[in-house]
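Undergrad: If you scroll down you'll find the structure; I have some questions about it.
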Amino acid sequence: MQYLLLLAGFVLLIKGADWFVDGAADAAARLRIPSVIVGLTIVSLGTSLPELSVSLTAALQGSNALALSKVIGSNLFNTLVVVGCSALIAPFAMSRETRYRDTTWNLGITLLLALLAVGHVISRADGCVLLAALVVYLVILVRSAMASRKAGAGDPAGSTPVWKILLLIAAGVICIALGGDLTVDAARAIALSWGWSEALVGLTIVSIGTSLPELVTSVVAAKKGESGLSIGNALGSNIMNIGFILGLSSAIHPVAVVPENMVDIVILSAVALLIVIMSWRSDRLTRRRGWLFIGLYACYFIYILLR
């Protein structure tokens, strides 16, 4: 039964991502703004719903000890696997804003998390700081979108009816959320039946499973030639995970930081720095870079299993 639920979850994820990407792309055309802005906001928030649901439920119950691990694991998966798979499917060039603004913000909010984690607990005040950082970033995105629209930098105005765009986005979000829950729950039950520990399941199955929407959405976007949605979704989800999900969770209930978390944060910071250096050197995300990202994640996954 669990295997059937796992399959059903994957089907919902794939179909939901297909509808969601179509709706988001039509929204970008209709609003005459670059698709990367939609990827950084609407798409990243929609695909982060599983992480938000899991983290908020744990925070409200006062048992969000693994909240930080889930965010770190999800962000590493987004950066290395989501971006890596997108580059393998359809190599693309990043926009100037993505190269210098979004990758830098991704690094900055990751370093902010590292600084706050030094005290071995992310307090309610720290959570408010993360939320404030996210608000600043969103304000910058809105101003950029408005400037692009005035300059006519976005796509030509689309003809898709507004009701259809909203229906596609809503149906996509619902399918992605349900598919993510089904996939994570089924994968967790299967992993436990194989003898895996709860901690290992949390660090692997849960963090990867809740990132499946980002992966499926970005892969679908890459196949449809929407590279802006793909890279925007990955970076936007990273920033949302730290600023919104972890920020809101810790504002509700402080999150403890264990020594293993500090090691993972250092690794995450190094990966974020690598993305900045690579994007500043070249705007191309080639298949070679995609294989590098996948290889780095494989090494990290092996490290988690061994420790």
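Residue numbers start at 1 in each chain; chains themselves are named A, B, ... in the order of the structure tokens; ligands are numbered from 1 in the order shown.
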Identify, with DSSP run on backbone atoms, the residues in region 79-126 of chain A assigned to strand (DSSP E), and express the list as a VMD selection string.

TA: chain A and resid 92 to 93 121 to 122

Undergrad: Near Ile165 (chain A), counting only C-alpha atoms, which residues have an atom at most 10 Å away, once you skip same-chain residues fewer than 6 positions from it, shown as a list in words?

TA: Trp19, Phe20, Asp22, Gly23, Ala24, Ala25, Asp26, Ala27, Arg30 and Ala171 of chain A

Undergrad: Give me, as an MDAnalysis selection string, all polymer residues having an atom no more than 9 Å from Ile242 (chain A), counting only C-alpha atoms and skipping those fewer than 4 positions away in the same chain.

TA: chainID A and resid 68 71:72 75 109:110 113 130:131 134 237:238 246:247

Undergrad: Out of A:Lys15, A:Ala93, A:Ala8, A:Ala222, which residue has the shortest atom-to-atom distance to Ile174 (chain A) when counting only C-alpha atoms?

TA: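 Of all the options, A:Lys15 lies closest to Ile174 (chain A).
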
Undergrad: Can you pull out the residues contacting Tyr300 (chain A)? Cut-off 9 Å, using only C-alpha atoms, and skip same-chain residues under 5 positions away; I want them as an mmCIF file with C-alpha atoms, in the first residue's frame.

TA:
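Saved to result.cif:
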```cif
data_model
loop_
_atom_site.group_PDB
_atom_site.id
_atom_site.type_symbol
_atom_site.label_atom_id
_atom_site.label_comp_id
_atom_site.auth_asym_id
_atom_site.auth_seq_id
_atom_site.Cartn_x
_atom_site.Cartn_y
_atom_site.Cartn_z
ATOM 1 C CA LEU A 76 21.504 21.736 -0.250
ATOM 2 C CA ILE A 267 28.824 23.051 4.147
ATOM 3 C CA GLY A 295 28.457 14.761 -7.532
ATOM 4 C CA LEU A 305 24.757 8.136 6.059
#
```

Undergrad: Find, counting only C-alpha atoms, the residue in A:Gly179, A:Pro91, A:Gly243, A:Gly108 that gets nearest to Leu5 (chain A).

TA: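 Ranked by minimum distance to Leu5 (chain A), first place goes to A:Gly179.
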
Undergrad: Between CA of Val121 (chain A) and CA of Leu138 (chain A), what is the distance in Å, rounded to a tenth?

TA: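 Rounded to one decimal, the two atoms are 26.0 Å apart.
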
Undergrad: Kindly indicate which residue among A:Val220, A:Ile252, A:Gly236, A:Glu260 lies nearest to Ile89 (chain A), using only C-alpha atoms for the distances.

TA: A:Val220

Undergrad: Measure the distance from CA of Ile122 (chain A) to CA of Ala298 (chain A) in Å and round it to one decimal.

TA: 28.5 Å

Undergrad: What are the DSSP helix (DSSP H, G or I) residues of region 66-129 of chain A, as a PyMOL selection string?

TA: chain A and resi 67-89+96-117+124-129
